[in-house]
Every structure is written in structure tokens, then in C-alpha cells.
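Enquirer: Pasting in a structure now, in C-alpha cells, and then I'll have a few things to ask.
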Amino acid sequence: MAAGFVALVAVAWFYLQAQQQASSGAAAQTVASGGSAPADQGGSAAASPTATPPTQQPDAPTYVAEDEGAGGVNVRAAALTPGAVEQDPSRAELADTLDPATEVGFLIVFETHAGDLSKLDLVALSSLDSPDGEHRAIRWVGEDDSSHHRSGMLVFERGGLELAAIGDLTLSIRDVAGVPSRTLTWRLPLQ
């Protein structure tokens with residue numbers, strides 16, 4: 001009987017370990033796909049382009065892109081399209097300042113613990129490449145222009161930019177923390 005009890009405890013332990021690994025894997029998948037982790041990692045959801053409801057569909061567009069964090073600076077960006085706002089309503093206030101007929105915006109968040117990000121001229125340093133060509137930034141709308149945690153909206157003139165097209169949309173930001181070019185890429189369509 002004691003051997004049966006030990007076997008039951010062992011089976012229960014393995015079951016709980018498998019459940020814990022499965023939920024950890026789901027949380028990692030959510031964060032990797034642009035979602036947010038279930039545990040609070042600090043910071044406000046409104047300032048973070050990664051804050052999304054955990055119920056994102058697997059075939060839904062990914063509105064958030066992140067670079068590799070080279071040079072000690074991590075850059076995250078979220079396309080401010082109607083679909084992105086629906087996915088994360090905290091983005092609505094910034095998106096509402098755009099003219100959707102003539103402008104496209106991206107919520108950009110820079111994080112570092114060394115160096116000064118407040119002096120970067122993001123309009124001059126940024127470009128957007130799409131299947132129809134290159135687009136230049138026209139303005140920066142700052143939310144937080146501190147030296148270590150800078151965030152705001154980078155606005156591009158829509159021109160011929162078609163977010164319903166098929167292909168890649170690539171945001172390039174040059175010369176940040178000694179890195180010649182940082183790229184953040186989204187798969188189109190993004191609506």
C-alpha cells in the first residue's frame with residue numbers, strides 16, 4: 001500500500017510539473033508574439049507597446065516589433081492601426097491624434113540604463129520601407145523624453161503606403177547608441 005501511495009504522489013508531482021511548464025511556455029509564447037506576460041513586470045501598460053489582451057488569435061497580425069537591444073538600448077514599437085488599437089485600447093489616445101488618410105504612426109519605446117536618449121532627432125534618423133517604397137518621418141510626438149526611458153509616437157506621411165498590401169514593413173532608426181541601423185519589421189497586412 002505504501003508503494004501505491006508513493007506512486008500516486010510521483011504521478012501527481014509529474015502532472016503538476018507538466019502543467020507548470022505548459023503555462024510557462026504559453027506565457028513565453030505570448031510575450032514573443034507581442035503579447036504581455038501574465039505577471040506584472042513593472043511600468044505602465046499605457047506606455048508599453050507590448051501590452052495586449054492574452055486572447056490574441058494565432059493568425060492575428062502582430063502589431064509589436066522589438067530589436068535585439070544592441071548597444072545597451074532596447075527599442076520596441078507598435079503600429080498604431082485600428083487593429084492594433086482594438087487589440088490594445090491603451091494605444092487609442094495616441095492613434096486618435098493621427099489623420100488616417102494622410103498619416104501612419106508608431107508608438108516607440110526606448111529603454112537603456114546608460115547614455116542619453118533625449119537628444120536623438122528621431123524624425124531625421126528614421127525611415128519606413130514598404131513594398132511601395134521608402135517613407136520619411138514627419139514628426140515626433142513625445143510622451144516621455146527622459147534620457148533613459150524615452151517614448152512617443154513617430155509619424156510618417158502615408159503617401160502611397162498601403163497597410164493592406166502583402167510584404168514587409170520595416171522601420172529603420174539610424175545611429176542609436178553606436179548601432180548604425182536598428183530595424184523593426186512587421187508582416188503586412190496590418191489593418
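Labels used: A, B, ... for chains in the order of the C-alpha cells, numbers from 1 for residues in each chain, and numbers from 1 for ligands as shown.
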Where does region 91-133 of chain A meet region 74-83 of chain A within 10 Å, residue by residue, with the nearest atom pair and distance in Å to one decimal for each, counting only C-alpha atoms, listed by chain and rising number, as JSON lines?

Expert:
{"residue": "A:Arg91", "atom": "CA", "partner": "A:Leu80", "partner_atom": "CA", "distance": 7.0}
{"residue": "A:Ala92", "atom": "CA", "partner": "A:Leu80", "partner_atom": "CA", "distance": 8.1}
{"residue": "A:Leu94", "atom": "CA", "partner": "A:Leu80", "partner_atom": "CA", "distance": 7.9}
{"residue": "A:Ala95", "atom": "CA", "partner": "A:Leu80", "partner_atom": "CA", "distance": 5.6}
{"residue": "A:Asp96", "atom": "CA", "partner": "A:Leu80", "partner_atom": "CA", "distance": 9.3}
{"residue": "A:Leu98", "atom": "CA", "partner": "A:Leu80", "partner_atom": "CA", "distance": 9.0}
{"residue": "A:Pro100", "atom": "CA", "partner": "A:Thr81", "partner_atom": "CA", "distance": 8.6}
{"residue": "A:Val104", "atom": "CA", "partner": "A:Leu80", "partner_atom": "CA", "distance": 7.2}
{"residue": "A:Gly105", "atom": "CA", "partner": "A:Leu80", "partner_atom": "CA", "distance": 5.4}
{"residue": "A:Phe106", "atom": "CA", "partner": "A:Ala79", "partner_atom": "CA", "distance": 4.6}
{"residue": "A:Leu107", "atom": "CA", "partner": "A:Ala78", "partner_atom": "CA", "distance": 5.1}
{"residue": "A:Ile108", "atom": "CA", "partner": "A:Ala77", "partner_atom": "CA", "distance": 4.4}
{"residue": "A:Val109", "atom": "CA", "partner": "A:Arg76", "partner_atom": "CA", "distance": 5.2}
{"residue": "A:Phe110", "atom": "CA", "partner": "A:Val75", "partner_atom": "CA", "distance": 4.7}
{"residue": "A:Glu111", "atom": "CA", "partner": "A:Asn74", "partner_atom": "CA", "distance": 5.2}
{"residue": "A:Thr112", "atom": "CA", "partner": "A:Asn74", "partner_atom": "CA", "distance": 6.5}
{"residue": "A:His113", "atom": "CA", "partner": "A:Asn74", "partner_atom": "CA", "distance": 10.0}

Enquirer: Please provide the set of residues having any atom within 12 Å of Leu120 (chain A), restricted to only C-alpha atoms, with same-chain residues fewer than 2 positions apart removed, written as an MDAnalysis selection string.

Expert: chainID A and resid 110 115:118 122:126 140 142 145:148 150:151 173:177

Enquirer: Store the residues picked out above in a file with N, CA and C atoms, as an mmCIF file, in the first residue's frame.

Expert:
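What ended up in out34.cif:
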data_model
loop_
_atom_site.group_PDB
_atom_site.id
_atom_site.type_symbol
_atom_site.label_atom_id
_atom_site.label_comp_id
_atom_site.auth_asym_id
_atom_site.auth_seq_id
_atom_site.Cartn_x
_atom_site.Cartn_y
_atom_site.Cartn_z
ATOM 1 N N PHE A 110 12.006 53.429 -26.071
ATOM 2 C CA PHE A 110 13.439 53.176 -25.923
ATOM 3 C C PHE A 110 13.715 52.970 -24.445
ATOM 4 N N GLY A 115 23.750 56.133 -21.103
ATOM 5 C CA GLY A 115 23.621 57.016 -22.251
ATOM 6 C C GLY A 115 22.405 57.916 -22.143
ATOM 7 N N ASP A 116 22.323 58.859 -23.072
ATOM 8 C CA ASP A 116 21.260 59.854 -23.078
ATOM 9 C C ASP A 116 20.488 59.752 -24.389
ATOM 10 N N LEU A 117 19.226 59.337 -24.309
ATOM 11 C CA LEU A 117 18.387 59.187 -25.490
ATOM 12 C C LEU A 117 17.602 60.457 -25.822
ATOM 13 N N SER A 118 17.603 61.437 -24.924
ATOM 14 C CA SER A 118 16.744 62.613 -25.096
ATOM 15 C C SER A 118 17.184 63.521 -26.240
ATOM 16 N N LEU A 122 14.684 61.864 -33.783
ATOM 17 C CA LEU A 122 14.110 60.647 -34.353
ATOM 18 C C LEU A 122 13.500 60.863 -35.727
ATOM 19 N N VAL A 123 13.037 62.067 -36.022
ATOM 20 C CA VAL A 123 12.489 62.346 -37.353
ATOM 21 C C VAL A 123 13.591 62.240 -38.398
ATOM 22 N N ALA A 124 14.747 62.813 -38.122
ATOM 23 C CA ALA A 124 15.863 62.779 -39.072
ATOM 24 C C ALA A 124 16.496 61.391 -39.179
ATOM 25 N N LEU A 125 16.428 60.600 -38.107
ATOM 26 C CA LEU A 125 17.119 59.309 -38.066
ATOM 27 C C LEU A 125 16.270 58.127 -38.532
ATOM 28 N N SER A 126 14.990 58.350 -38.833
ATOM 29 C CA SER A 126 14.071 57.233 -39.089
ATOM 30 C C SER A 126 13.556 57.206 -40.520
ATOM 31 N N TRP A 140 7.671 63.813 -34.431
ATOM 32 C CA TRP A 140 7.770 63.016 -33.202
ATOM 33 C C TRP A 140 6.847 63.652 -32.178
ATOM 34 N N GLY A 142 6.300 63.335 -28.418
ATOM 35 C CA GLY A 142 6.886 62.735 -27.234
ATOM 36 C C GLY A 142 5.883 62.528 -26.115
ATOM 37 N N ASP A 145 10.315 62.075 -22.712
ATOM 38 C CA ASP A 145 11.582 62.333 -23.380
ATOM 39 C C ASP A 145 12.747 62.331 -22.404
ATOM 40 N N SER A 146 12.658 61.464 -21.372
ATOM 41 C CA SER A 146 13.760 61.363 -20.419
ATOM 42 C C SER A 146 14.956 60.699 -21.095
ATOM 43 N N SER A 147 16.105 60.786 -20.452
ATOM 44 C CA SER A 147 17.330 60.291 -21.081
ATOM 45 C C SER A 147 17.402 58.769 -21.152
ATOM 46 N N HIS A 148 16.731 58.038 -20.257
ATOM 47 C CA HIS A 148 16.842 56.576 -20.227
ATOM 48 C C HIS A 148 15.590 55.839 -20.688
ATOM 49 N N ARG A 150 12.709 56.774 -23.073
ATOM 50 C CA ARG A 150 12.059 57.706 -23.990
ATOM 51 C C ARG A 150 10.936 56.990 -24.725
ATOM 52 N N SER A 151 9.784 57.648 -24.838
ATOM 53 C CA SER A 151 8.675 57.053 -25.570
ATOM 54 C C SER A 151 7.851 58.139 -26.240
ATOM 55 N N ILE A 173 15.907 52.896 -37.695
ATOM 56 C CA ILE A 173 16.338 54.048 -36.908
ATOM 57 C C ILE A 173 17.858 53.981 -36.858
ATOM 58 N N ARG A 174 18.496 55.026 -37.366
ATOM 59 C CA ARG A 174 19.947 55.041 -37.502
ATOM 60 C C ARG A 174 20.623 55.678 -36.288
ATOM 61 N N ASP A 175 21.850 55.245 -36.045
ATOM 62 C CA ASP A 175 22.772 55.896 -35.110
ATOM 63 C C ASP A 175 22.241 56.061 -33.681
ATOM 64 N N VAL A 176 21.740 54.978 -33.105
ATOM 65 C CA VAL A 176 21.322 54.987 -31.706
ATOM 66 C C VAL A 176 22.312 54.135 -30.923
ATOM 67 N N ALA A 177 23.003 54.737 -29.976
ATOM 68 C CA ALA A 177 23.964 54.056 -29.099
ATOM 69 C C ALA A 177 25.049 53.334 -29.887
#

Enquirer: In Å to one decimal, how far is CA of Val155 (chain A) from CA of Gly178 (chain A)?

Expert: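 Answer for the CA of Gly178 (chain A) to CA of Val155 (chain A) separation: 23.7 Å.
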
Enquirer: Output as a ChimeraX atom specification all residues of region 41-174 of chain A that backbone DSSP marks as helix (DSSP H, G or I).

Expert: /A:70-72,82-87,89-95,122-125

Enquirer: Find the residues near Gly133 (chain A): any atom within 12 Å, counting only C-alpha atoms, skip ones fewer than 4 places away on the same chain, and give them as a PyMOL selection string.

Expert: chain A and resi 127-129+158-162+167-170

Enquirer: Limited to C-alpha atoms, could you put the picked residues into a file as a short mmCIF file (atom, residue, chain, number, x, y, z; two decimals), in the first residue's frame?

Expert:
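Saved to out-v6.cif:
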data_model
loop_
_atom_site.label_atom_id
_atom_site.label_comp_id
_atom_site.auth_asym_id
_atom_site.auth_seq_id
_atom_site.Cartn_x
_atom_site.Cartn_y
_atom_site.Cartn_z
CA SER A 127 12.69 55.79 -42.31
CA LEU A 128 9.97 53.30 -43.17
CA ASP A 129 10.38 50.82 -46.03
CA ARG A 158 1.09 57.93 -45.67
CA GLY A 159 1.79 58.82 -49.32
CA GLY A 160 1.36 55.58 -51.27
CA LEU A 161 1.83 53.42 -48.16
CA GLU A 162 -0.75 50.63 -48.27
CA GLY A 167 5.08 42.01 -47.80
CA ASP A 168 7.25 43.54 -45.09
CA LEU A 169 7.07 46.91 -43.40
CA THR A 170 10.46 47.86 -41.91
#

Enquirer: Tell me, as a ChimeraX atom specification, which residues lie within 8 Å of Glu157 (chain A), counting only C-alpha atoms; anything in the same chain fewer than 3 positions away does not count.

Expert: /A:102-104,135-138

Enquirer: Quick one: residues within 9 Å of region 185-189 of chain A, only C-alpha atoms, excluding same-chain residues fewer than 4 positions away - as a VMD selection string?

Expert: chain A and resid 61 to 67 79 130 162 to 172

Enquirer: Write a file of the just-selected residues containing N, CA and C atoms, as a PDB file, in the first residue's frame.

Expert:
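Output saved as part_8.pdb:
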ATOM      1  N   PRO A  61      -2.649  39.623 -36.882  1.00  0.00           N
ATOM      2  CA  PRO A  61      -1.393  40.341 -37.143  1.00  0.00           C
ATOM      3  C   PRO A  61      -0.660  40.664 -35.847  1.00  0.00           C
ATOM      4  N   THR A  62       0.649  40.710 -35.923  1.00  0.00           N
ATOM      5  CA  THR A  62       1.466  41.117 -34.785  1.00  0.00           C
ATOM      6  C   THR A  62       1.802  42.587 -34.984  1.00  0.00           C
ATOM      7  N   TYR A  63       1.301  43.433 -34.091  1.00  0.00           N
ATOM      8  CA  TYR A  63       1.473  44.872 -34.234  1.00  0.00           C
ATOM      9  C   TYR A  63       2.725  45.383 -33.533  1.00  0.00           C
ATOM     10  N   VAL A  64       3.378  44.541 -32.746  1.00  0.00           N
ATOM     11  CA  VAL A  64       4.537  44.958 -31.968  1.00  0.00           C
ATOM     12  C   VAL A  64       5.794  44.313 -32.533  1.00  0.00           C
ATOM     13  N   ALA A  65       6.871  45.104 -32.626  1.00  0.00           N
ATOM     14  CA  ALA A  65       8.181  44.595 -33.060  1.00  0.00           C
ATOM     15  C   ALA A  65       9.215  45.092 -32.065  1.00  0.00           C
ATOM     16  N   GLU A  66      10.286  44.325 -31.904  1.00  0.00           N
ATOM     17  CA  GLU A  66      11.339  44.673 -30.949  1.00  0.00           C
ATOM     18  C   GLU A  66      12.694  44.352 -31.569  1.00  0.00           C
ATOM     19  N   ASP A  67      13.686  45.213 -31.294  1.00  0.00           N
ATOM     20  CA  ASP A  67      15.029  44.940 -31.799  1.00  0.00           C
ATOM     21  C   ASP A  67      15.785  44.069 -30.809  1.00  0.00           C
ATOM     22  N   ALA A  79       2.697  49.419 -34.248  1.00  0.00           N
ATOM     23  CA  ALA A  79       1.975  50.124 -35.299  1.00  0.00           C
ATOM     24  C   ALA A  79       0.651  50.604 -34.707  1.00  0.00           C
ATOM     25  N   SER A 130       8.481  49.987 -47.265  1.00  0.00           N
ATOM     26  CA  SER A 130       7.315  49.145 -47.519  1.00  0.00           C
ATOM     27  C   SER A 130       7.392  48.635 -48.949  1.00  0.00           C
ATOM     28  N   GLU A 162       0.465  51.433 -48.359  1.00  0.00           N
ATOM     29  CA  GLU A 162      -0.752  50.633 -48.269  1.00  0.00           C
ATOM     30  C   GLU A 162      -0.540  49.538 -47.232  1.00  0.00           C
ATOM     31  N   LEU A 163      -1.171  49.687 -46.064  1.00  0.00           N
ATOM     32  CA  LEU A 163      -1.005  48.706 -44.988  1.00  0.00           C
ATOM     33  C   LEU A 163      -1.740  47.399 -45.253  1.00  0.00           C
ATOM     34  N   ALA A 164      -2.608  47.379 -46.264  1.00  0.00           N
ATOM     35  CA  ALA A 164      -3.315  46.155 -46.629  1.00  0.00           C
ATOM     36  C   ALA A 164      -2.519  45.333 -47.648  1.00  0.00           C
ATOM     37  N   ALA A 165      -1.355  45.833 -48.056  1.00  0.00           N
ATOM     38  CA  ALA A 165      -0.519  45.125 -49.032  1.00  0.00           C
ATOM     39  C   ALA A 165       0.075  43.857 -48.414  1.00  0.00           C
ATOM     40  N   ILE A 166       0.707  43.081 -49.253  1.00  0.00           N
ATOM     41  CA  ILE A 166       1.414  41.881 -48.805  1.00  0.00           C
ATOM     42  C   ILE A 166       2.911  42.193 -48.855  1.00  0.00           C
ATOM     43  N   GLY A 167       3.643  41.792 -47.835  1.00  0.00           N
ATOM     44  CA  GLY A 167       5.083  42.011 -47.797  1.00  0.00           C
ATOM     45  C   GLY A 167       5.534  42.424 -46.418  1.00  0.00           C
ATOM     46  N   ASP A 168       6.676  43.091 -46.357  1.00  0.00           N
ATOM     47  CA  ASP A 168       7.249  43.536 -45.089  1.00  0.00           C
ATOM     48  C   ASP A 168       7.182  45.043 -44.979  1.00  0.00           C
ATOM     49  N   LEU A 169       7.004  45.501 -43.756  1.00  0.00           N
ATOM     50  CA  LEU A 169       7.072  46.912 -43.400  1.00  0.00           C
ATOM     51  C   LEU A 169       8.218  47.023 -42.408  1.00  0.00           C
ATOM     52  N   THR A 170       9.256  47.799 -42.746  1.00  0.00           N
ATOM     53  CA  THR A 170      10.457  47.857 -41.913  1.00  0.00           C
ATOM     54  C   THR A 170      10.746  49.282 -41.486  1.00  0.00           C
ATOM     55  N   LEU A 171      10.787  49.485 -40.182  1.00  0.00           N
ATOM     56  CA  LEU A 171      11.166  50.761 -39.595  1.00  0.00           C
ATOM     57  C   LEU A 171      12.654  50.696 -39.289  1.00  0.00           C
ATOM     58  N   SER A 172      13.411  51.670 -39.799  1.00  0.00           N
ATOM     59  CA  SER A 172      14.849  51.754 -39.533  1.00  0.00           C
ATOM     60  C   SER A 172      15.128  53.034 -38.760  1.00  0.00           C
TER      61      SER A 172
END
